[in-house]
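> Take this structure first; my questions come after.
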Amino acid sequence: LDIVFVHDLSPDNWYLPSPWEEQFEIARKGAFSALTRMREEGIIKGWGLGVNRPEPILKLLDVADPDVCLLASQYSLIDHKNALQHVFPAARAKGVSFVVGSPLNAGFISGSQRYNYGKENYKIPQPIIEKRERLREVAGRHGVDLRTAALQFSATSDIASALIVGAASEQQIVADYSSMQVKIPAEFWAELQERKLIEQDAPVPA
């Protein structure tokens, strides 16, 4: 196997049999050590966590030696400040990279009436909806497809090793691939920064 992820060991996983911190401790003594040993023996190439929240990843970096983590719902055009300021620097210091999941916030950026995951992801906070509208306005002025911009934005960081994009059809897969080939004008990204729709230190496509 190339990569093994310990999945959803996170505060937002309501199906865990006990608080996530207790389950994390079990994994620290068991799964984490076993996966490190499997990597050293050449059975797997690397391992990490796959989670929707930053707390488990930051905790993991303190107690183990992962290679790559699946960072879902934490680095998108809509929401990326915490990842930039806290998660990315901590991972960079340990030489850990990220598979960036949910760059469209579970389809929200491309128009779906849901935001990220969970039983109540249809209850979208008004500020989130308003930010999508402001992003759409800027994209429209520059002739940019917002979904394309979102995919490229999430893939641009030096710490992003791969991008996960959900697809329900062959056409969507082709569209996702095509989006990564499009040249987006620098003026679009500059206006997003000027209007404080993305962080000033957020890396953008060259």
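We label chains A, B, ... in the order they appear in the structure tokens, count residues from 1 in each chain, and number ligands from 1 in the order shown.
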DSSP on the backbone, strand (DSSP E) only: what residues of region 4-197 of chain A does that give? Format it as a ChimeraX atom specification.
/A:4-7,46-51,68-72,97-101,160-164
> One decimal, in Å: what's the spacing between CA of Ala93 (chain A) and CA of Asp65 (chain A)?
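CA of Ala93 (chain A) sits 11.8 Å away from CA of Asp65 (chain A).
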> Smallest atom-to-atom distance to Leu61 (chain A): which of A:Ala91, A:Val100, A:Ile44, A:Ala27, using only C-alpha atoms?
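Nearest to Leu61 (chain A): A:Ala91.
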> Residues near region 140-157 of chain A, anyone? I mean within 9 Å using only C-alpha atoms, not counting same-chain ones fewer than 6 positions away, as number ranges by chain.
A: 75-78, 100-101, 103-104, 107, 109-111, 163, 165, 175-176, 178-180, 182, 184-185, 187-188, 202-206
> Can you measure CA of Asp62 (chain A) to CA of Gly46 (chain A) for me? One decimal in Å is fine.
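Going from CA of Asp62 (chain A) over to CA of Gly46 (chain A), I get 17.3 Å.
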> How many Å lie between CA of Leu1 (chain A) and CA of Ala31 (chain A), rounded to one decimal?
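Calculated distance between CA of Leu1 (chain A) and CA of Ala31 (chain A) is 15.5 Å.
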> Identify which of the residues A:Glu191, A:Glu25, A:Asp201, A:Asp2 lies closest to Val63 (chain A), counting only C-alpha atoms when measuring atom-to-atom distances.
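Among A:Glu191, A:Glu25, A:Asp201, A:Asp2, it is A:Glu25 that comes nearest to Val63 (chain A).
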> DSSP on the backbone, then: every residue of region 123-160 of chain A marked alpha helix (DSSP H), written as a PyMOL selection string.
chain A and resi 126-141+146-156
> Under the rule that only C-alpha atoms are counted, which of A:Arg39, A:His80, A:Arg132, A:Arg53 is the nearest residue to Pro11 (chain A)?
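Under the stated criterion, the closest residue is A:Arg53.
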